[in-house]
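First the structure, in the form of structure tokens, and then the observations on it.
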Amino acid sequence: AGEGDGKAEIYGAHFGPLSALVSSKGRRAGVWGDMFLTHPTALDYMPKDTLIFDWQYFSGVSETAAVFTAKGFEVVGCPTIQTYNAIWCHVEETEKNVRDVRDDVVADGLFGVCVTTWECGLMGSFDTLFPMLKACGGLLNGSEVSLLDGYEPGEREWVRLMGIELKSAGGSFAAGRIRSSLKVRLLLNANPFLAWMHHAAEFEGEVGDRALAVIADAFFAAPGEAEKGICLFARSGIEFVRLAEAARVLYAAGQPEAAIAKLGVTRKLFDDLGVVAKRTYERIGGSLADVERCRIAREHVETVIKRIRQYGNGSLGYLPAFEILTHPKFCPHDQASWWLINKWANQ
């Protein structure tokens, strides 16, 4: 088995015996289907009672599930609540995905449906999603109500604004298929200036203005601290980018202290987000990583402030570009920035 596919052989040789062990203990193993879709010969190693969880977040499962059922496996169709690719959640896309998977599972006689959700880290909050999960249960049982209707009347306006209206701002707020670029660049990659580097143009313009208007309305409509914390994260991301761009302009104009003053304001943004992250953990649980991410972001801002103070007057004999000075790998006197421009830079 494997037919020259080394990854299929390694994967199957590892998970096949594990699945068999589970079966020997009177239980049934379940595995995600994506690896098997990429390396289908790995299925040759798996006991036929292994249950395949086929996650498809932007379509139904009819075509992919057929790969597994053709080889004798039972399949669970897995849609998702789309949080990982949103500031909070894409409600309409979630509802369509759940309906599409549900319909395919019924039409093809599959084993069942498992609604998944990911990434309530990066400033999300599980308690804002519980009503949506309950509404998904209604959809799976044949109800045709919308996910918005799963929330109490006093909560729906906030859900509509952050889950539907915000994406109309476009740019990094639009509904996409990958992890939210703002979440990744502001917090996940330990360098918040990546958010400035990639989003300054859109956040300085109409995208930022439209998003801030929606977020302001959502703050007003927020029924509790969980919802307010998510609004604060969204607003803080835009504010950080705008302040960083203002600092860049001042730095380039030979006003390093004025640039530092702009960046100094951003320290409080990350302090406040750290408080939200800690309160979220205490209230509903989840990872403590967001608390650390906020601390790391703030500390990097402090590092950049020190660099501007030290080198922003031309003391190196040249003025490092702002995107170089804000990079974690900045090295004084390396004018070519070899650590950045070579193909092996991030290896």
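Please note that chains go A, B, ... in the order of the structure tokens, that every chain numbers its residues from 1, and that ligands are numbered from 1 in the order shown.
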7 Å contact set for stretch 238-247 of chain A, only C-alpha atoms, chain neighbours under 3 positions out, as a PyMOL selection string:
chain A and resi 195-196+200+203-204+208+234-235+250-251+259-260+262-263+266
Residues as selected, N, CA, C and O atoms, written as a compact mmCIF listing (two decimals), in the first residue's frame, can you do that?
# COMPACT_ATOMS: atom_id res chain seq x y z
N ALA A 195 0.67 43.95 10.52
CA ALA A 195 -0.67 44.47 10.21
C ALA A 195 -0.56 45.83 9.54
O ALA A 195 -1.27 46.13 8.57
N TRP A 196 0.35 46.67 10.05
CA TRP A 196 0.56 47.97 9.40
C TRP A 196 1.11 47.79 7.98
O TRP A 196 0.63 48.42 7.03
N ALA A 200 -2.12 49.05 5.85
CA ALA A 200 -2.16 50.50 6.03
C ALA A 200 -3.03 51.17 4.98
O ALA A 200 -3.86 52.04 5.30
N PHE A 203 -6.85 50.33 5.64
CA PHE A 203 -7.38 50.85 6.89
C PHE A 203 -7.35 52.37 6.95
O PHE A 203 -8.15 52.99 7.66
N GLU A 204 -6.43 52.98 6.22
CA GLU A 204 -6.40 54.44 6.15
C GLU A 204 -7.53 54.98 5.28
O GLU A 204 -7.89 56.15 5.39
N GLY A 208 -11.25 51.04 6.21
CA GLY A 208 -11.14 51.35 7.63
C GLY A 208 -12.29 52.19 8.14
O GLY A 208 -12.84 51.94 9.22
N ALA A 234 -11.46 44.41 17.19
CA ALA A 234 -11.60 44.88 15.80
C ALA A 234 -11.20 46.34 15.67
O ALA A 234 -10.47 46.72 14.74
N ARG A 235 -11.68 47.16 16.59
CA ARG A 235 -11.33 48.59 16.53
C ARG A 235 -9.85 48.81 16.78
O ARG A 235 -9.21 49.64 16.12
N LEU A 250 5.89 60.50 10.27
CA LEU A 250 6.68 61.40 11.11
C LEU A 250 8.15 60.97 11.15
O LEU A 250 9.06 61.81 11.10
N TYR A 251 8.38 59.67 11.22
CA TYR A 251 9.75 59.16 11.22
C TYR A 251 10.46 59.54 9.93
O TYR A 251 11.60 60.02 9.94
N ALA A 259 7.09 60.58 16.21
CA ALA A 259 6.74 59.21 15.82
C ALA A 259 6.59 58.33 17.06
O ALA A 259 5.66 57.52 17.16
N ILE A 260 7.49 58.51 18.01
CA ILE A 260 7.42 57.75 19.25
C ILE A 260 6.13 58.05 20.00
O ILE A 260 5.50 57.15 20.58
N LYS A 262 3.26 58.78 18.77
CA LYS A 262 2.17 58.04 18.15
C LYS A 262 2.20 56.56 18.56
O LYS A 262 1.17 55.98 18.91
N LEU A 263 3.36 55.97 18.52
CA LEU A 263 3.47 54.55 18.89
C LEU A 263 3.20 54.33 20.37
O LEU A 263 2.71 53.26 20.76
N THR A 266 -0.18 53.16 21.25
CA THR A 266 -0.56 51.77 20.94
C THR A 266 -0.27 50.82 22.09
O THR A 266 -0.85 49.73 22.13
DSSP on the backbone, strand (DSSP E) only: what residues of stretch 70-313 of chain A does that give? Format it as a list in words.
Glu74, Val75, Val76, Gly77, Cys78, Thr80, Ile81, Gly112, Val113, Thr116 and Thr117 of chain A
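Pairwise distance (atom CA of A:Leu232, atom CA of A:Val159) equals 15.0 Å.
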Could you pull out the alpha helix (DSSP H) residues of stretch 182-294 of chain A from DSSP and send them as a PDB file with C-alpha atoms, in the first residue's frame?
ATOM      1  CA  LEU A 182      -5.755  40.881  10.761  1.00  0.00           C
ATOM      2  CA  LYS A 183      -5.749  38.293  13.546  1.00  0.00           C
ATOM      3  CA  PHE A 193       3.716  45.912  12.512  1.00  0.00           C
ATOM      4  CA  LEU A 194       2.917  43.224   9.955  1.00  0.00           C
ATOM      5  CA  ALA A 195      -0.667  44.469  10.211  1.00  0.00           C
ATOM      6  CA  TRP A 196       0.565  47.973   9.400  1.00  0.00           C
ATOM      7  CA  MET A 197       2.751  46.750   6.534  1.00  0.00           C
ATOM      8  CA  HIS A 198      -0.058  44.855   4.822  1.00  0.00           C
ATOM      9  CA  HIS A 199      -3.160  46.846   5.760  1.00  0.00           C
ATOM     10  CA  ALA A 200      -2.156  50.503   6.030  1.00  0.00           C
ATOM     11  CA  ALA A 201      -3.622  51.458   2.661  1.00  0.00           C
ATOM     12  CA  GLU A 202      -7.003  49.809   3.244  1.00  0.00           C
ATOM     13  CA  PHE A 203      -7.383  50.850   6.895  1.00  0.00           C
ATOM     14  CA  GLU A 204      -6.401  54.444   6.148  1.00  0.00           C
ATOM     15  CA  GLU A 206     -12.674  53.596   2.934  1.00  0.00           C
ATOM     16  CA  VAL A 207     -12.301  50.047   4.261  1.00  0.00           C
ATOM     17  CA  GLY A 208     -11.142  51.346   7.626  1.00  0.00           C
ATOM     18  CA  ASP A 209     -13.782  54.070   7.773  1.00  0.00           C
ATOM     19  CA  ARG A 210     -16.628  51.692   6.939  1.00  0.00           C
ATOM     20  CA  ALA A 211     -15.410  49.066   9.397  1.00  0.00           C
ATOM     21  CA  LEU A 212     -15.055  51.581  12.214  1.00  0.00           C
ATOM     22  CA  ALA A 213     -18.612  52.807  11.616  1.00  0.00           C
ATOM     23  CA  VAL A 214     -19.999  49.278  11.881  1.00  0.00           C
ATOM     24  CA  ILE A 215     -17.881  48.529  14.952  1.00  0.00           C
ATOM     25  CA  ALA A 216     -19.080  51.723  16.648  1.00  0.00           C
ATOM     26  CA  ASP A 217     -22.694  50.651  16.119  1.00  0.00           C
ATOM     27  CA  ALA A 218     -21.836  47.167  17.375  1.00  0.00           C
ATOM     28  CA  PHE A 219     -20.289  48.581  20.547  1.00  0.00           C
ATOM     29  CA  PHE A 220     -23.572  50.358  21.216  1.00  0.00           C
ATOM     30  CA  ALA A 221     -25.576  47.190  20.494  1.00  0.00           C
ATOM     31  CA  GLU A 225     -18.623  42.110  27.919  1.00  0.00           C
ATOM     32  CA  ALA A 226     -17.944  39.221  25.558  1.00  0.00           C
ATOM     33  CA  GLU A 227     -19.352  41.133  22.624  1.00  0.00           C
ATOM     34  CA  LYS A 228     -17.678  44.382  23.681  1.00  0.00           C
ATOM     35  CA  GLY A 229     -14.309  42.610  23.858  1.00  0.00           C
ATOM     36  CA  ILE A 230     -14.629  41.424  20.271  1.00  0.00           C
ATOM     37  CA  CYS A 231     -15.532  44.948  19.164  1.00  0.00           C
ATOM     38  CA  LEU A 232     -12.513  46.294  21.022  1.00  0.00           C
ATOM     39  CA  PHE A 233     -10.213  43.905  19.198  1.00  0.00           C
ATOM     40  CA  ALA A 234     -11.604  44.875  15.804  1.00  0.00           C
ATOM     41  CA  ARG A 235     -11.334  48.587  16.529  1.00  0.00           C
ATOM     42  CA  SER A 236      -7.885  48.255  18.068  1.00  0.00           C
ATOM     43  CA  GLY A 237      -6.545  46.535  14.970  1.00  0.00           C
ATOM     44  CA  ILE A 238      -7.564  49.467  12.794  1.00  0.00           C
ATOM     45  CA  GLU A 239      -6.336  52.012  15.316  1.00  0.00           C
ATOM     46  CA  PHE A 240      -2.950  50.342  15.620  1.00  0.00           C
ATOM     47  CA  VAL A 241      -2.455  50.349  11.871  1.00  0.00           C
ATOM     48  CA  ARG A 242      -3.446  54.007  11.600  1.00  0.00           C
ATOM     49  CA  LEU A 243      -1.174  55.053  14.454  1.00  0.00           C
ATOM     50  CA  ALA A 244       1.719  53.053  13.024  1.00  0.00           C
ATOM     51  CA  GLU A 245       1.246  54.727   9.642  1.00  0.00           C
ATOM     52  CA  ALA A 246       1.202  58.153  11.302  1.00  0.00           C
ATOM     53  CA  ALA A 247       4.429  57.201  13.095  1.00  0.00           C
ATOM     54  CA  ARG A 248       5.998  56.136   9.803  1.00  0.00           C
ATOM     55  CA  VAL A 249       5.201  59.468   8.190  1.00  0.00           C
ATOM     56  CA  LEU A 250       6.683  61.400  11.113  1.00  0.00           C
ATOM     57  CA  TYR A 251       9.748  59.156  11.221  1.00  0.00           C
ATOM     58  CA  ALA A 252      10.384  59.693   7.516  1.00  0.00           C
ATOM     59  CA  PRO A 256      11.465  60.661  15.651  1.00  0.00           C
ATOM     60  CA  GLU A 257      10.067  61.916  18.967  1.00  0.00           C
ATOM     61  CA  ALA A 258       6.720  62.706  17.343  1.00  0.00           C
ATOM     62  CA  ALA A 259       6.738  59.212  15.823  1.00  0.00           C
ATOM     63  CA  ILE A 260       7.425  57.751  19.250  1.00  0.00           C
ATOM     64  CA  ALA A 261       4.484  59.668  20.680  1.00  0.00           C
ATOM     65  CA  LYS A 262       2.171  58.036  18.147  1.00  0.00           C
ATOM     66  CA  LEU A 263       3.471  54.554  18.888  1.00  0.00           C
ATOM     67  CA  GLY A 264       3.292  55.193  22.620  1.00  0.00           C
ATOM     68  CA  VAL A 265      -0.499  55.297  22.350  1.00  0.00           C
ATOM     69  CA  THR A 266      -0.558  51.774  20.936  1.00  0.00           C
ATOM     70  CA  ARG A 267       0.866  50.327  24.144  1.00  0.00           C
ATOM     71  CA  LYS A 268      -2.464  50.923  25.844  1.00  0.00           C
ATOM     72  CA  LEU A 269      -4.279  49.192  22.996  1.00  0.00           C
ATOM     73  CA  PHE A 270      -2.426  45.972  23.761  1.00  0.00           C
ATOM     74  CA  ASP A 271      -2.743  46.480  27.523  1.00  0.00           C
ATOM     75  CA  ASP A 272      -6.518  46.748  27.142  1.00  0.00           C
ATOM     76  CA  LEU A 273      -6.689  43.731  24.843  1.00  0.00           C
ATOM     77  CA  GLY A 274      -4.673  41.745  27.366  1.00  0.00           C
ATOM     78  CA  VAL A 275      -7.271  42.547  30.014  1.00  0.00           C
ATOM     79  CA  VAL A 276     -10.044  41.398  27.666  1.00  0.00           C
ATOM     80  CA  ALA A 277      -8.168  38.159  26.955  1.00  0.00           C
ATOM     81  CA  LYS A 278      -7.722  37.447  30.661  1.00  0.00           C
ATOM     82  CA  ARG A 279     -11.357  38.248  31.439  1.00  0.00           C
ATOM     83  CA  THR A 280     -12.482  35.965  28.605  1.00  0.00           C
ATOM     84  CA  TYR A 281     -10.415  33.118  30.007  1.00  0.00           C
ATOM     85  CA  GLU A 282     -11.817  33.654  33.493  1.00  0.00           C
ATOM     86  CA  ARG A 283     -15.400  33.928  32.235  1.00  0.00           C
ATOM     87  CA  ILE A 284     -15.675  31.124  29.692  1.00  0.00           C
ATOM     88  CA  ALA A 289      -2.145  32.386  24.765  1.00  0.00           C
ATOM     89  CA  ASP A 290      -3.966  35.601  23.848  1.00  0.00           C
ATOM     90  CA  VAL A 291      -2.837  37.192  27.111  1.00  0.00           C
ATOM     91  CA  GLU A 292       0.746  36.395  26.154  1.00  0.00           C
ATOM     92  CA  ARG A 293       0.255  37.508  22.560  1.00  0.00           C
ATOM     93  CA  CYS A 294      -0.911  40.912  23.739  1.00  0.00           C
TER      94      CYS A 294
END
So that I can see what lies close to A:Arg179, please list as a VMD selection string the residues with an atom at most 9 Å from it, counting only C-alpha atoms and leaving out residues fewer than 3 positions away in the same chain.
chain A and resid 83 to 86 176 182 to 184
For A:Gly30, please output as a ChimeraX atom specification all residues within 12 Å (counting only C-alpha atoms; exclusion window: fewer than 2 positions along the same chain).
/A:15-16,18-20,22-23,27-28,32-33,46-54,73-76,111,114
As an exercise, work out the distance from atom CA of A:Ser337 to atom CA of A:Leu316 in Å and give it to one decimal place.
14.1 Å
Would you mind reading off the distance between atom CA of A:Thr69 and atom CA of A:Leu110, one decimal, in Å?
8.6 Å
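Using only C-alpha atoms, the smallest distance between any of A:Glu302, A:Glu152, A:Glu95, A:Glu165 and A:Gly137 comes from A:Glu95.
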Pick from A:Gly77, A:Leu37, A:Gly121, A:Tyr57 nearest to A:Gly286, counting only C-alpha atoms:
A:Gly121
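Proximity ranking of A:Leu133, A:Leu188, A:Ala42, A:Met35 relative to A:Trp55 places A:Met35 first, based on only C-alpha atoms.
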Please provide as a list in words all residues within 9 Å of A:Phe58, with the sequence filter that same-chain residues fewer than 2 positions apart are discarded (counting only C-alpha atoms).
Gln56, Gly60, Pro79, Thr80, Glu93, Thr94, Lys96, Asn97, Asp100 and Arg177 of chain A
For those residues, write N, CA, C and O atoms to a file as a PDB file, in the first residue's frame.
ATOM      1  N   GLN A  56     -15.671  19.996   5.171  1.00  0.00           N
ATOM      2  CA  GLN A  56     -15.719  20.843   3.980  1.00  0.00           C
ATOM      3  C   GLN A  56     -16.428  22.134   4.369  1.00  0.00           C
ATOM      4  O   GLN A  56     -17.619  22.133   4.620  1.00  0.00           O
ATOM      5  N   GLY A  60     -20.673  21.439   0.035  1.00  0.00           N
ATOM      6  CA  GLY A  60     -21.200  20.228   0.617  1.00  0.00           C
ATOM      7  C   GLY A  60     -20.137  19.136   0.620  1.00  0.00           C
ATOM      8  O   GLY A  60     -18.969  19.379   0.290  1.00  0.00           O
ATOM      9  N   PRO A  79     -19.476  20.576   8.573  1.00  0.00           N
ATOM     10  CA  PRO A  79     -19.402  22.001   8.267  1.00  0.00           C
ATOM     11  C   PRO A  79     -18.745  22.728   9.433  1.00  0.00           C
ATOM     12  O   PRO A  79     -18.350  22.098  10.423  1.00  0.00           O
ATOM     13  N   THR A  80     -18.644  24.043   9.340  1.00  0.00           N
ATOM     14  CA  THR A  80     -18.033  24.788  10.442  1.00  0.00           C
ATOM     15  C   THR A  80     -18.753  26.093  10.710  1.00  0.00           C
ATOM     16  O   THR A  80     -19.379  26.670   9.813  1.00  0.00           O
ATOM     17  N   GLU A  93     -22.380  32.737   5.683  1.00  0.00           N
ATOM     18  CA  GLU A  93     -21.560  31.670   5.115  1.00  0.00           C
ATOM     19  C   GLU A  93     -21.634  30.408   5.973  1.00  0.00           C
ATOM     20  O   GLU A  93     -21.630  29.286   5.452  1.00  0.00           O
ATOM     21  N   THR A  94     -21.699  30.608   7.280  1.00  0.00           N
ATOM     22  CA  THR A  94     -21.848  29.472   8.180  1.00  0.00           C
ATOM     23  C   THR A  94     -23.164  28.748   7.928  1.00  0.00           C
ATOM     24  O   THR A  94     -23.208  27.514   7.803  1.00  0.00           O
ATOM     25  N   LYS A  96     -25.082  28.692   5.268  1.00  0.00           N
ATOM     26  CA  LYS A  96     -25.084  27.994   3.975  1.00  0.00           C
ATOM     27  C   LYS A  96     -24.283  26.696   4.047  1.00  0.00           C
ATOM     28  O   LYS A  96     -24.705  25.657   3.526  1.00  0.00           O
ATOM     29  N   ASN A  97     -23.128  26.759   4.704  1.00  0.00           N
ATOM     30  CA  ASN A  97     -22.279  25.580   4.818  1.00  0.00           C
ATOM     31  C   ASN A  97     -22.988  24.466   5.595  1.00  0.00           C
ATOM     32  O   ASN A  97     -22.962  23.294   5.186  1.00  0.00           O
ATOM     33  N   ASP A 100     -25.766  23.028   3.374  1.00  0.00           N
ATOM     34  CA  ASP A 100     -25.245  22.235   2.257  1.00  0.00           C
ATOM     35  C   ASP A 100     -24.770  20.863   2.728  1.00  0.00           C
ATOM     36  O   ASP A 100     -25.066  19.840   2.093  1.00  0.00           O
ATOM     37  N   ARG A 177     -11.403  32.474   2.732  1.00  0.00           N
ATOM     38  CA  ARG A 177     -11.255  31.049   3.021  1.00  0.00           C
ATOM     39  C   ARG A 177     -10.062  30.747   3.915  1.00  0.00           C
ATOM     40  O   ARG A 177      -9.853  29.586   4.281  1.00  0.00           O
TER      41      ARG A 177
END
